Each structure stands twice: as C-alpha cells, then as structure tokens.
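Trainee: Mind looking over this structure? Questions follow.
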Amino acid sequence: MRKKILWLSQHKPLSSQRKELENLFGEIMLLRDVSPFANAKDIVQRYLAGGYDDLVVVAPLSVIERLCQMGIHPLWAEMEQVENDGSAEVVVRERFYRFVEFKRIKAVKLEFMEV
C-alpha cells in the first residue's frame, strides 16, 4: 500500500530525501504544500483533510511542540553542515548542508527562565 506523505515546506524535497522516504516506507505519494500555515491547528486540519499517513514539516519548534501535543509526530529531516567539497545538497547563506536521515519527533519541550 502506498504511503501518502504531506511535505509542508517552502523547500522542495531533495532527491536523497525522497529516496530515503522510499527506503523507509516503500512506495510513497509525496505531496508538497507551500501555503503558509497559521498555527499547528491549521497543519492538523490540512493533514487530516488530505488523508495523509505521515508529515514532514519545517516549522518553529513551538508549532512542532503543539503538533506533538495534538498527537501528530512529524518527521524531521536531519541535515549536517559540510565543507564546500562537492558533497553539499543545499547552500544557505554561504553555508553548505547535506541530508543525513529522517527521525520521528516524539516530543519538543521548551523550558523558559526569567530574563
């Protein structure tokens, strides 16, 4: 059975990321949503309305924390910074990155202290 995955990011999935999702889940249908979201509730509504099986999201940690509290545990695309040696897949402000692996976000805990 094909796994339907929502890719909620302004960034297109890298070919290495797509390949890794296929390695993890077999046949996939990866659908990208670039529309800005208002909050975690908005993301959950899109996720449920689309009948998705999984989610990759680029969002502030506070939004990801709320998604986890709402029972949605998205995938995290682990990236590592590399030298400019040709192994980079992404360049952001003269910094070079390559995809490492996906991890599932179990929880996010934000702890605050007085300033």
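Naming works like this for the structure tokens: A, B, ... for the chains as they're shown, residue 1 at the start of each chain, ligands 1 onward in shown order.
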Write out as a VMD selection string the set of residues from chain A that DSSP, computed on the backbone, places in helix (DSSP H, G or I).
Mentor: chain A and resid 15 to 25 40 to 49 61 to 69
Trainee: Report as a PyMOL selection string all protein, DNA and RNA residues lying within 9 Å of Arg32 (chain A), evaluated on only C-alpha atoms, omitting residues in the same chain fewer than 3 positions from it.
Mentor: chain A and resi 5-10+12-13
Trainee: Mind dumping the selected residues with C-alpha atoms as a PDB file, in the first residue's frame?
Mentor:
```
ATOM      1  CA  ILE A   5       3.065  11.933   2.895  1.00  0.00           C
ATOM      2  CA  LEU A   6       2.459  15.671   3.270  1.00  0.00           C
ATOM      3  CA  TRP A   7       5.610  17.749   2.670  1.00  0.00           C
ATOM      4  CA  LEU A   8       4.831  21.099   4.318  1.00  0.00           C
ATOM      5  CA  SER A   9       7.754  23.355   3.468  1.00  0.00           C
ATOM      6  CA  GLN A  10       8.854  26.091   1.119  1.00  0.00           C
ATOM      7  CA  LYS A  12      11.459  21.121  -2.354  1.00  0.00           C
ATOM      8  CA  PRO A  13      12.372  17.656  -1.145  1.00  0.00           C
TER       9      PRO A  13
END
```
Trainee: Any chance you could list, as a PyMOL selection string, the residues in region 12-78 of chain A that come up strand (DSSP E or B) when DSSP is run on the backbone?
Mentor: chain A and resi 28-33+54-57+75-78
Trainee: Interatomic distance between CA of Trp76 (chain A) and CA of Arg98 (chain A)?
Mentor: 13.8 Å
Trainee: Give me the residues within 12 Å of Asp53 (chain A) as a list in words, counting only C-alpha atoms and dropping any in the same chain fewer than 5 places off.
Mentor: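 That gives Met1, Arg2, Lys3, Lys4, Ile5, Leu6, Trp7, Phe25, Ile28, Met29, Leu30, Leu31, Val44, Arg46, Tyr47, Leu48, Ile72, His73, Pro74 and Leu75 of chain A.
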Trainee: Choose the residue, out of A:Glu78, A:Gly71, A:Ala107, A:Asp42, that has the smallest atom-to-atom separation from Asp54 (chain A); count only C-alpha atoms.
Mentor: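 For Asp54 (chain A), the nearest of the given residues is A:Gly71.
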Trainee: Show me, as a list of chain:residue names, the residues that have an atom within 6 Å of Tyr97 (chain A) when counting only C-alpha atoms, minus same-chain residues fewer than 2 positions from it.
Mentor: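 Selected residues are A:Glu80, A:Gln81, A:Val82, A:Ala88, A:Glu89, A:Val90.
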Trainee: State, in Å with one decimal place, the distance from CA of Gln69 (chain A) to CA of Ala49 (chain A).
Mentor: 18.9 Å
Trainee: Of the candidates A:Glu94, A:Val63, A:Leu14, A:Arg104, which shows the shortest atom-to-atom distance to Ala38 (chain A), using only C-alpha atoms?
Mentor: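 Closest to Ala38 (chain A) of all the choices is A:Val63.
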Trainee: With a distance cut-off of 10 Å and only C-alpha atoms, select the neighbouring residues of Ala59 (chain A), excluding the residue or stretch itself and same-chain residues fewer than 5 positions from it, and output the selection as a list in words.
Mentor: Leu8, Ser9, Phe37, Asn39, Ala40, Ile64 and Glu65 of chain A
Trainee: Please list as a ChimeraX atom specification every residue within 7 Å of Ala77 (chain A), counting only C-alpha atoms and excluding residues in the same chain fewer than 3 positions away.
Mentor: /A:101-103
Trainee: Taking 3 positions as the minimum chain separation for residues in the same chain, which residues sit within 10 Å of Leu61 (chain A) when counting only C-alpha atoms? Answer as a short mmCIF file (atom, residue, chain, number, x, y, z; two decimals) with C-alpha atoms, in the first residue's frame.
Mentor:
```cif
data_model
loop_
_atom_site.label_atom_id
_atom_site.label_comp_id
_atom_site.auth_asym_id
_atom_site.auth_seq_id
_atom_site.Cartn_x
_atom_site.Cartn_y
_atom_site.Cartn_z
CA VAL A 58 9.51 22.85 8.52
CA ILE A 64 6.11 21.30 16.30
CA GLU A 65 5.65 21.04 20.08
CA ARG A 66 1.94 21.73 19.68
CA LEU A 67 1.64 19.19 16.82
CA VAL A 108 9.52 19.01 21.99
CA LYS A 109 9.97 20.54 25.40
CA LEU A 110 10.57 24.25 25.71
#
```
Trainee: Could you state the separation of CA of Val34 (chain A) and CA of Val57 (chain A) in Å, given to one decimal place?
Mentor: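 Computing the Euclidean distance for CA of Val34 (chain A) and CA of Val57 (chain A) yields 10.4 Å.
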Trainee: Which residue is closest to Val56 (chain A)? Choose from A:Asp33, A:Asn84, A:Val92, A:Met70 and count only C-alpha atoms.
Mentor: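 Residue with the minimum atom-to-atom distance to Val56 (chain A): A:Asp33.
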